[in-house]
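A.B. asks: Provided herewith is a single structure, encoded as structure tokens, for subsequent inquiry.
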Amino acid sequence: MSDPVVVILTALALEYAAVRTHLTGREELVHAETGTRVERGRLAGADWAVALAELGEGALNTAALTTQLVSWLRPRAVLFVGVAGSLKEDIGIGDVVVGTKVYSVHGGKQTPEGFLVRPEAWPGSNALVQAARSAVRELPGVRAHFKPIASGDVVLADSGSGLARHLREHYNDAAAIETEGSGAAHAAHLDGRAEALVIRGISDHADTGKPAADASGSQHWAAEQAAAVAAEVLRRYRVRRDATEGPHRVGWYGGDHVDLRNGTFYGTVIGKRTGPPR
């Protein structure tokens, strides 16, 4: 693909549909060996080709398929966009949590003295988090929170459960709980090339009221809110550049350049820049 690519991952069909409405000129691509499918399209106001994938549920499934997609599409960034349960009273249904980091919440060691937590965490890309902070200022209908997200292969629907107490005790700064973000973040981290961010709309309070909230249509609303934030993030996101190039204006990726690394020269190399930065 000649255009820079960003991959947006979803687990559920309703999450996929919410992101899909922001894309135009969509075409379906199929991995020749595995049959994995994405839709590639354009996002108005962004210079990216956006590849959208529906992976299904679960962290392990997400990690495996994210690894495959990153190897295939070579994206500059990976976003996981979808719904989650709130872990805080002041974060309500329809709010959006942007993951400053993602915890994997099941690691630990069981001993006679109790369960000793061995947490893993992956920070959200600074460039993407900063783009998100800028984005939500232009979205007056979105109430956003920049907080850690807890991720584990379990749906929490009881705020008095042992898992809920575990989260309050050991992951007290986590604002939301979901099931795929750690898989996507881990896969992007191991690849080392793609920046990653998890964006979740709140569809319930991770308590016994979850079935009623789901039945009310809260998941659709939460997915739409998260998708709106993700789209605005990508309109602001800029590719990482060499630190020596200095700051740049919004909308400028840097001028054309020639990479001379690993070259052999037998005299002075002279270059001239003409015209303003594009």
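Ordering of the structure tokens sets the chain letters (A, B, ...); residue numbers start at 1 within each chain; ligands are numbered from 1 in the order shown.
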Determine, counting only C-alpha atoms, which protein, DNA and RNA residues have an atom within 7 Å of an atom of Thr24 of chain A; residues of the same chain fewer than 2 positions away are not included. Present the result as a list in words.
C.D. replies: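 These residues fall inside the cut-off: His22, Arg26, Gly41, Arg42 and Leu43 of chain A.
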A.B. asks: Quick one: DSSP strand (DSSP E) residues in segment 93-178 of chain A, as a ChimeraX atom specification?
C.D. replies: /A:96-104,108-111,114-117,120-123,144-151,176-178
A.B. asks: Neighbours of His170 of chain A within 9 Å (only C-alpha atoms; same-chain residues fewer than 4 positions away dropped), as a CSV table (one decimal) with C-alpha atoms, in the first residue's frame?
C.D. replies:
chain,number,residue,atom,x,y,z
A,105,VAL,CA,-5.2,-7.9,35.3
A,117,VAL,CA,-0.2,-9.6,41.9
A,119,PRO,CA,0.9,-6.7,36.9
A,165,ARG,CA,-12.6,-6.2,44.8
A,166,HIS,CA,-9.3,-7.3,43.2
A.B. asks: Based on the backbone DSSP call, show me all residues of segment 81-252 of chain A assigned alpha helix (DSSP H), as a PDB file with N, CA, C and O atoms, in the first residue's frame.
C.D. replies:
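To be explicit, this is the file written out as part_35.pdb:
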ATOM      1  N   ASN A 126       2.316   8.251  23.425  1.00  0.00           N
ATOM      2  CA  ASN A 126       2.222   9.663  23.773  1.00  0.00           C
ATOM      3  C   ASN A 126       1.659  10.481  22.623  1.00  0.00           C
ATOM      4  O   ASN A 126       0.817  11.364  22.822  1.00  0.00           O
ATOM      5  N   ALA A 127       2.116  10.214  21.386  1.00  0.00           N
ATOM      6  CA  ALA A 127       1.629  10.976  20.237  1.00  0.00           C
ATOM      7  C   ALA A 127       0.123  10.806  20.061  1.00  0.00           C
ATOM      8  O   ALA A 127      -0.596  11.772  19.766  1.00  0.00           O
ATOM      9  N   LEU A 128      -0.373   9.585  20.259  1.00  0.00           N
ATOM     10  CA  LEU A 128      -1.801   9.349  20.105  1.00  0.00           C
ATOM     11  C   LEU A 128      -2.601   9.914  21.282  1.00  0.00           C
ATOM     12  O   LEU A 128      -3.700  10.444  21.091  1.00  0.00           O
ATOM     13  N   VAL A 129      -2.071   9.801  22.500  1.00  0.00           N
ATOM     14  CA  VAL A 129      -2.757  10.381  23.651  1.00  0.00           C
ATOM     15  C   VAL A 129      -2.842  11.894  23.506  1.00  0.00           C
ATOM     16  O   VAL A 129      -3.885  12.510  23.769  1.00  0.00           O
ATOM     17  N   GLN A 130      -1.745  12.510  23.057  1.00  0.00           N
ATOM     18  CA  GLN A 130      -1.764  13.957  22.856  1.00  0.00           C
ATOM     19  C   GLN A 130      -2.752  14.350  21.760  1.00  0.00           C
ATOM     20  O   GLN A 130      -3.460  15.356  21.872  1.00  0.00           O
ATOM     21  N   ALA A 131      -2.798  13.556  20.690  1.00  0.00           N
ATOM     22  CA  ALA A 131      -3.777  13.819  19.625  1.00  0.00           C
ATOM     23  C   ALA A 131      -5.195  13.691  20.180  1.00  0.00           C
ATOM     24  O   ALA A 131      -6.093  14.461  19.810  1.00  0.00           O
ATOM     25  N   ALA A 132      -5.409  12.732  21.074  1.00  0.00           N
ATOM     26  CA  ALA A 132      -6.734  12.553  21.673  1.00  0.00           C
ATOM     27  C   ALA A 132      -7.103  13.731  22.567  1.00  0.00           C
ATOM     28  O   ALA A 132      -8.260  14.179  22.572  1.00  0.00           O
ATOM     29  N   ARG A 133      -6.145  14.244  23.325  1.00  0.00           N
ATOM     30  CA  ARG A 133      -6.430  15.406  24.174  1.00  0.00           C
ATOM     31  C   ARG A 133      -6.857  16.596  23.320  1.00  0.00           C
ATOM     32  O   ARG A 133      -7.768  17.354  23.683  1.00  0.00           O
ATOM     33  N   SER A 134      -6.183  16.768  22.187  1.00  0.00           N
ATOM     34  CA  SER A 134      -6.559  17.836  21.263  1.00  0.00           C
ATOM     35  C   SER A 134      -7.916  17.562  20.638  1.00  0.00           C
ATOM     36  O   SER A 134      -8.749  18.470  20.493  1.00  0.00           O
ATOM     37  N   ALA A 135      -8.159  16.303  20.285  1.00  0.00           N
ATOM     38  CA  ALA A 135      -9.386  15.953  19.570  1.00  0.00           C
ATOM     39  C   ALA A 135     -10.635  16.229  20.395  1.00  0.00           C
ATOM     40  O   ALA A 135     -11.622  16.768  19.887  1.00  0.00           O
ATOM     41  N   VAL A 136     -10.617  15.849  21.670  1.00  0.00           N
ATOM     42  CA  VAL A 136     -11.846  15.941  22.461  1.00  0.00           C
ATOM     43  C   VAL A 136     -12.227  17.389  22.752  1.00  0.00           C
ATOM     44  O   VAL A 136     -13.390  17.670  23.077  1.00  0.00           O
ATOM     45  N   GLY A 162     -15.496 -10.945  43.704  1.00  0.00           N
ATOM     46  CA  GLY A 162     -14.080 -11.004  44.050  1.00  0.00           C
ATOM     47  C   GLY A 162     -13.220 -10.273  43.041  1.00  0.00           C
ATOM     48  O   GLY A 162     -12.227  -9.619  43.406  1.00  0.00           O
ATOM     49  N   LEU A 163     -13.557 -10.376  41.755  1.00  0.00           N
ATOM     50  CA  LEU A 163     -12.784  -9.664  40.734  1.00  0.00           C
ATOM     51  C   LEU A 163     -12.894  -8.159  40.914  1.00  0.00           C
ATOM     52  O   LEU A 163     -11.887  -7.440  40.802  1.00  0.00           O
ATOM     53  N   ALA A 164     -14.091  -7.669  41.209  1.00  0.00           N
ATOM     54  CA  ALA A 164     -14.261  -6.236  41.416  1.00  0.00           C
ATOM     55  C   ALA A 164     -13.423  -5.755  42.601  1.00  0.00           C
ATOM     56  O   ALA A 164     -12.777  -4.700  42.543  1.00  0.00           O
ATOM     57  N   ARG A 165     -13.400  -6.536  43.679  1.00  0.00           N
ATOM     58  CA  ARG A 165     -12.574  -6.173  44.837  1.00  0.00           C
ATOM     59  C   ARG A 165     -11.093  -6.219  44.471  1.00  0.00           C
ATOM     60  O   ARG A 165     -10.306  -5.366  44.916  1.00  0.00           O
ATOM     61  N   HIS A 166     -10.707  -7.222  43.687  1.00  0.00           N
ATOM     62  CA  HIS A 166      -9.320  -7.345  43.218  1.00  0.00           C
ATOM     63  C   HIS A 166      -8.902  -6.099  42.447  1.00  0.00           C
ATOM     64  O   HIS A 166      -7.801  -5.563  42.651  1.00  0.00           O
ATOM     65  N   LEU A 167      -9.767  -5.627  41.569  1.00  0.00           N
ATOM     66  CA  LEU A 167      -9.451  -4.436  40.786  1.00  0.00           C
ATOM     67  C   LEU A 167      -9.349  -3.194  41.667  1.00  0.00           C
ATOM     68  O   LEU A 167      -8.448  -2.368  41.487  1.00  0.00           O
ATOM     69  N   ARG A 168     -10.272  -3.065  42.609  1.00  0.00           N
ATOM     70  CA  ARG A 168     -10.223  -1.894  43.492  1.00  0.00           C
ATOM     71  C   ARG A 168      -8.956  -1.890  44.336  1.00  0.00           C
ATOM     72  O   ARG A 168      -8.380  -0.838  44.612  1.00  0.00           O
ATOM     73  N   GLU A 169      -8.499  -3.064  44.747  1.00  0.00           N
ATOM     74  CA  GLU A 169      -7.326  -3.151  45.620  1.00  0.00           C
ATOM     75  C   GLU A 169      -6.018  -2.997  44.864  1.00  0.00           C
ATOM     76  O   GLU A 169      -5.100  -2.314  45.343  1.00  0.00           O
ATOM     77  N   HIS A 170      -5.912  -3.625  43.691  1.00  0.00           N
ATOM     78  CA  HIS A 170      -4.623  -3.698  43.006  1.00  0.00           C
ATOM     79  C   HIS A 170      -4.513  -2.828  41.749  1.00  0.00           C
ATOM     80  O   HIS A 170      -3.403  -2.563  41.292  1.00  0.00           O
ATOM     81  N   GLY A 181      -8.021  -5.047  25.012  1.00  0.00           N
ATOM     82  CA  GLY A 181      -6.988  -4.033  24.877  1.00  0.00           C
ATOM     83  C   GLY A 181      -5.584  -4.513  25.173  1.00  0.00           C
ATOM     84  O   GLY A 181      -4.626  -4.108  24.508  1.00  0.00           O
ATOM     85  N   SER A 182      -5.434  -5.385  26.172  1.00  0.00           N
ATOM     86  CA  SER A 182      -4.088  -5.857  26.515  1.00  0.00           C
ATOM     87  C   SER A 182      -3.494  -6.678  25.381  1.00  0.00           C
ATOM     88  O   SER A 182      -2.288  -6.623  25.129  1.00  0.00           O
ATOM     89  N   GLY A 183      -4.327  -7.452  24.674  1.00  0.00           N
ATOM     90  CA  GLY A 183      -3.828  -8.243  23.552  1.00  0.00           C
ATOM     91  C   GLY A 183      -3.316  -7.365  22.426  1.00  0.00           C
ATOM     92  O   GLY A 183      -2.239  -7.613  21.869  1.00  0.00           O
ATOM     93  N   ALA A 184      -4.082  -6.331  22.083  1.00  0.00           N
ATOM     94  CA  ALA A 184      -3.657  -5.417  21.019  1.00  0.00           C
ATOM     95  C   ALA A 184      -2.410  -4.648  21.418  1.00  0.00           C
ATOM     96  O   ALA A 184      -1.467  -4.501  20.627  1.00  0.00           O
ATOM     97  N   ALA A 185      -2.382  -4.141  22.656  1.00  0.00           N
ATOM     98  CA  ALA A 185      -1.241  -3.358  23.116  1.00  0.00           C
ATOM     99  C   ALA A 185       0.028  -4.199  23.169  1.00  0.00           C
ATOM    100  O   ALA A 185       1.116  -3.738  22.801  1.00  0.00           O
ATOM    101  N   HIS A 186      -0.094  -5.438  23.646  1.00  0.00           N
ATOM    102  CA  HIS A 186       1.059  -6.326  23.746  1.00  0.00           C
ATOM    103  C   HIS A 186       1.617  -6.636  22.361  1.00  0.00           C
ATOM    104  O   HIS A 186       2.836  -6.594  22.133  1.00  0.00           O
ATOM    105  N   ALA A 187       0.734  -6.944  21.403  1.00  0.00           N
ATOM    106  CA  ALA A 187       1.183  -7.258  20.046  1.00  0.00           C
ATOM    107  C   ALA A 187       1.881  -6.071  19.403  1.00  0.00           C
ATOM    108  O   ALA A 187       2.936  -6.221  18.766  1.00  0.00           O
ATOM    109  N   ALA A 188       1.330  -4.876  19.565  1.00  0.00           N
ATOM    110  CA  ALA A 188       1.965  -3.681  18.993  1.00  0.00           C
ATOM    111  C   ALA A 188       3.310  -3.416  19.652  1.00  0.00           C
ATOM    112  O   ALA A 188       4.281  -3.038  18.987  1.00  0.00           O
ATOM    113  N   HIS A 189       3.379  -3.624  20.964  1.00  0.00           N
ATOM    114  CA  HIS A 189       4.636  -3.409  21.691  1.00  0.00           C
ATOM    115  C   HIS A 189       5.726  -4.363  21.203  1.00  0.00           C
ATOM    116  O   HIS A 189       6.869  -3.950  20.973  1.00  0.00           O
ATOM    117  N   LEU A 190       5.389  -5.625  21.028  1.00  0.00           N
ATOM    118  CA  LEU A 190       6.385  -6.601  20.587  1.00  0.00           C
ATOM    119  C   LEU A 190       6.848  -6.319  19.158  1.00  0.00           C
ATOM    120  O   LEU A 190       8.012  -6.554  18.819  1.00  0.00           O
ATOM    121  N   ASP A 191       5.954  -5.835  18.315  1.00  0.00           N
ATOM    122  CA  ASP A 191       6.347  -5.502  16.952  1.00  0.00           C
ATOM    123  C   ASP A 191       7.315  -4.320  16.933  1.00  0.00           C
ATOM    124  O   ASP A 191       8.274  -4.311  16.161  1.00  0.00           O
ATOM    125  N   LYS A 210     -25.850  -4.322  34.207  1.00  0.00           N
ATOM    126  CA  LYS A 210     -25.326  -4.421  32.843  1.00  0.00           C
ATOM    127  C   LYS A 210     -26.355  -4.955  31.835  1.00  0.00           C
ATOM    128  O   LYS A 210     -26.506  -4.381  30.756  1.00  0.00           O
ATOM    129  N   PRO A 211     -27.099  -6.049  32.130  1.00  0.00           N
ATOM    130  CA  PRO A 211     -28.066  -6.529  31.135  1.00  0.00           C
ATOM    131  C   PRO A 211     -29.101  -5.472  30.756  1.00  0.00           C
ATOM    132  O   PRO A 211     -29.456  -5.334  29.575  1.00  0.00           O
ATOM    133  N   ALA A 212     -29.581  -4.724  31.739  1.00  0.00           N
ATOM    134  CA  ALA A 212     -30.568  -3.684  31.450  1.00  0.00           C
ATOM    135  C   ALA A 212     -29.959  -2.564  30.622  1.00  0.00           C
ATOM    136  O   ALA A 212     -30.596  -2.027  29.708  1.00  0.00           O
ATOM    137  N   ALA A 213     -28.712  -2.193  30.937  1.00  0.00           N
ATOM    138  CA  ALA A 213     -28.044  -1.150  30.165  1.00  0.00           C
ATOM    139  C   ALA A 213     -27.846  -1.590  28.720  1.00  0.00           C
ATOM    140  O   ALA A 213     -28.104  -0.826  27.781  1.00  0.00           O
ATOM    141  N   ASP A 214     -27.413  -2.835  28.531  1.00  0.00           N
ATOM    142  CA  ASP A 214     -27.220  -3.355  27.171  1.00  0.00           C
ATOM    143  C   ASP A 214     -28.535  -3.354  26.405  1.00  0.00           C
ATOM    144  O   ASP A 214     -28.592  -2.996  25.223  1.00  0.00           O
ATOM    145  N   ALA A 215     -29.616  -3.750  27.076  1.00  0.00           N
ATOM    146  CA  ALA A 215     -30.921  -3.815  26.419  1.00  0.00           C
ATOM    147  C   ALA A 215     -31.430  -2.433  26.026  1.00  0.00           C
ATOM    148  O   ALA A 215     -32.229  -2.302  25.084  1.00  0.00           O
ATOM    149  N   SER A 218     -27.327   1.014  25.118  1.00  0.00           N
ATOM    150  CA  SER A 218     -26.153   1.758  25.580  1.00  0.00           C
ATOM    151  C   SER A 218     -24.882   1.380  24.830  1.00  0.00           C
ATOM    152  O   SER A 218     -23.988   2.212  24.648  1.00  0.00           O
ATOM    153  N   GLN A 219     -24.773   0.115  24.393  1.00  0.00           N
ATOM    154  CA  GLN A 219     -23.570  -0.296  23.673  1.00  0.00           C
ATOM    155  C   GLN A 219     -23.430   0.442  22.345  1.00  0.00           C
ATOM    156  O   GLN A 219     -22.321   0.836  21.967  1.00  0.00           O
ATOM    157  N   HIS A 220     -24.531   0.617  21.639  1.00  0.00           N
ATOM    158  CA  HIS A 220     -24.479   1.333  20.363  1.00  0.00           C
ATOM    159  C   HIS A 220     -24.036   2.778  20.575  1.00  0.00           C
ATOM    160  O   HIS A 220     -23.183   3.294  19.841  1.00  0.00           O
ATOM    161  N   TRP A 221     -24.612   3.422  21.584  1.00  0.00           N
ATOM    162  CA  TRP A 221     -24.254   4.815  21.869  1.00  0.00           C
ATOM    163  C   TRP A 221     -22.787   4.917  22.270  1.00  0.00           C
ATOM    164  O   TRP A 221     -22.049   5.776  21.771  1.00  0.00           O
ATOM    165  N   ALA A 222     -22.354   4.037  23.161  1.00  0.00           N
ATOM    166  CA  ALA A 222     -20.968   4.068  23.613  1.00  0.00           C
ATOM    167  C   ALA A 222     -20.005   3.820  22.458  1.00  0.00           C
ATOM    168  O   ALA A 222     -18.949   4.470  22.355  1.00  0.00           O
ATOM    169  N   ALA A 223     -20.340   2.880  21.569  1.00  0.00           N
ATOM    170  CA  ALA A 223     -19.482   2.599  20.419  1.00  0.00           C
ATOM    171  C   ALA A 223     -19.396   3.800  19.491  1.00  0.00           C
ATOM    172  O   ALA A 223     -18.323   4.116  18.947  1.00  0.00           O
ATOM    173  N   GLU A 224     -20.510   4.491  19.293  1.00  0.00           N
ATOM    174  CA  GLU A 224     -20.510   5.674  18.432  1.00  0.00           C
ATOM    175  C   GLU A 224     -19.652   6.790  19.022  1.00  0.00           C
ATOM    176  O   GLU A 224     -18.929   7.485  18.296  1.00  0.00           O
ATOM    177  N   GLN A 225     -19.716   6.957  20.333  1.00  0.00           N
ATOM    178  CA  GLN A 225     -18.897   7.983  20.993  1.00  0.00           C
ATOM    179  C   GLN A 225     -17.404   7.661  20.857  1.00  0.00           C
ATOM    180  O   GLN A 225     -16.583   8.536  20.557  1.00  0.00           O
ATOM    181  N   ALA A 226     -17.046   6.398  21.076  1.00  0.00           N
ATOM    182  CA  ALA A 226     -15.641   6.001  20.948  1.00  0.00           C
ATOM    183  C   ALA A 226     -15.157   6.157  19.516  1.00  0.00           C
ATOM    184  O   ALA A 226     -14.029   6.601  19.268  1.00  0.00           O
ATOM    185  N   ALA A 227     -15.997   5.793  18.540  1.00  0.00           N
ATOM    186  CA  ALA A 227     -15.619   5.913  17.131  1.00  0.00           C
ATOM    187  C   ALA A 227     -15.417   7.371  16.744  1.00  0.00           C
ATOM    188  O   ALA A 227     -14.502   7.704  15.969  1.00  0.00           O
ATOM    189  N   ALA A 228     -16.258   8.263  17.260  1.00  0.00           N
ATOM    190  CA  ALA A 228     -16.109   9.695  16.960  1.00  0.00           C
ATOM    191  C   ALA A 228     -14.779  10.222  17.479  1.00  0.00           C
ATOM    192  O   ALA A 228     -14.092  11.008  16.800  1.00  0.00           O
ATOM    193  N   VAL A 229     -14.399   9.797  18.682  1.00  0.00           N
ATOM    194  CA  VAL A 229     -13.102  10.220  19.231  1.00  0.00           C
ATOM    195  C   VAL A 229     -11.966   9.653  18.390  1.00  0.00           C
ATOM    196  O   VAL A 229     -11.009  10.369  18.051  1.00  0.00           O
ATOM    197  N   ALA A 230     -12.040   8.371  18.028  1.00  0.00           N
ATOM    198  CA  ALA A 230     -10.978   7.751  17.229  1.00  0.00           C
ATOM    199  C   ALA A 230     -10.793   8.474  15.895  1.00  0.00           C
ATOM    200  O   ALA A 230      -9.658   8.719  15.460  1.00  0.00           O
ATOM    201  N   ALA A 231     -11.896   8.815  15.235  1.00  0.00           N
ATOM    202  CA  ALA A 231     -11.803   9.516  13.951  1.00  0.00           C
ATOM    203  C   ALA A 231     -11.116  10.861  14.115  1.00  0.00           C
ATOM    204  O   ALA A 231     -10.256  11.247  13.306  1.00  0.00           O
ATOM    205  N   GLU A 232     -11.467  11.577  15.177  1.00  0.00           N
ATOM    206  CA  GLU A 232     -10.860  12.896  15.388  1.00  0.00           C
ATOM    207  C   GLU A 232      -9.393  12.766  15.786  1.00  0.00           C
ATOM    208  O   GLU A 232      -8.563  13.615  15.435  1.00  0.00           O
ATOM    209  N   VAL A 233      -9.052  11.705  16.512  1.00  0.00           N
ATOM    210  CA  VAL A 233      -7.641  11.454  16.846  1.00  0.00           C
ATOM    211  C   VAL A 233      -6.817  11.301  15.573  1.00  0.00           C
ATOM    212  O   VAL A 233      -5.730  11.886  15.429  1.00  0.00           O
ATOM    213  N   LEU A 234      -7.306  10.530  14.628  1.00  0.00           N
ATOM    214  CA  LEU A 234      -6.538  10.276  13.402  1.00  0.00           C
ATOM    215  C   LEU A 234      -6.429  11.498  12.518  1.00  0.00           C
ATOM    216  O   LEU A 234      -5.498  11.595  11.705  1.00  0.00           O
ATOM    217  N   ARG A 235      -7.336  12.443  12.655  1.00  0.00           N
ATOM    218  CA  ARG A 235      -7.202  13.699  11.903  1.00  0.00           C
ATOM    219  C   ARG A 235      -6.063  14.555  12.457  1.00  0.00           C
ATOM    220  O   ARG A 235      -5.561  15.438  11.780  1.00  0.00           O
ATOM    221  N   ARG A 236      -5.662  14.276  13.696  1.00  0.00           N
ATOM    222  CA  ARG A 236      -4.612  15.068  14.330  1.00  0.00           C
ATOM    223  C   ARG A 236      -3.284  14.323  14.467  1.00  0.00           C
ATOM    224  O   ARG A 236      -2.255  14.946  14.686  1.00  0.00           O
TER     225      ARG A 236
END
A.B. asks: Return the single residue from A:Val38, A:Arg137, A:Pro148, A:Arg143 that is closest to Asn172 of chain A, with distances computed using only C-alpha atoms.
C.D. replies: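 Closest to Asn172 of chain A, using only C-alpha atoms: A:Pro148.
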A.B. asks: One decimal, in Å: what's the spacing between atom CA of Phe80 of chain A and atom CA of Ile8 of chain A?
C.D. replies: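 According to the coordinates, atom CA of Phe80 of chain A and atom CA of Ile8 of chain A are separated by 5.8 Å.
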A.B. asks: Could you tell me which of A:Ala64, A:Leu139, A:Ile199, A:Leu69 comes closest to Val7 of chain A if we count only C-alpha atoms?
C.D. replies: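 The answer is A:Leu69, which sits nearest to Val7 of chain A.
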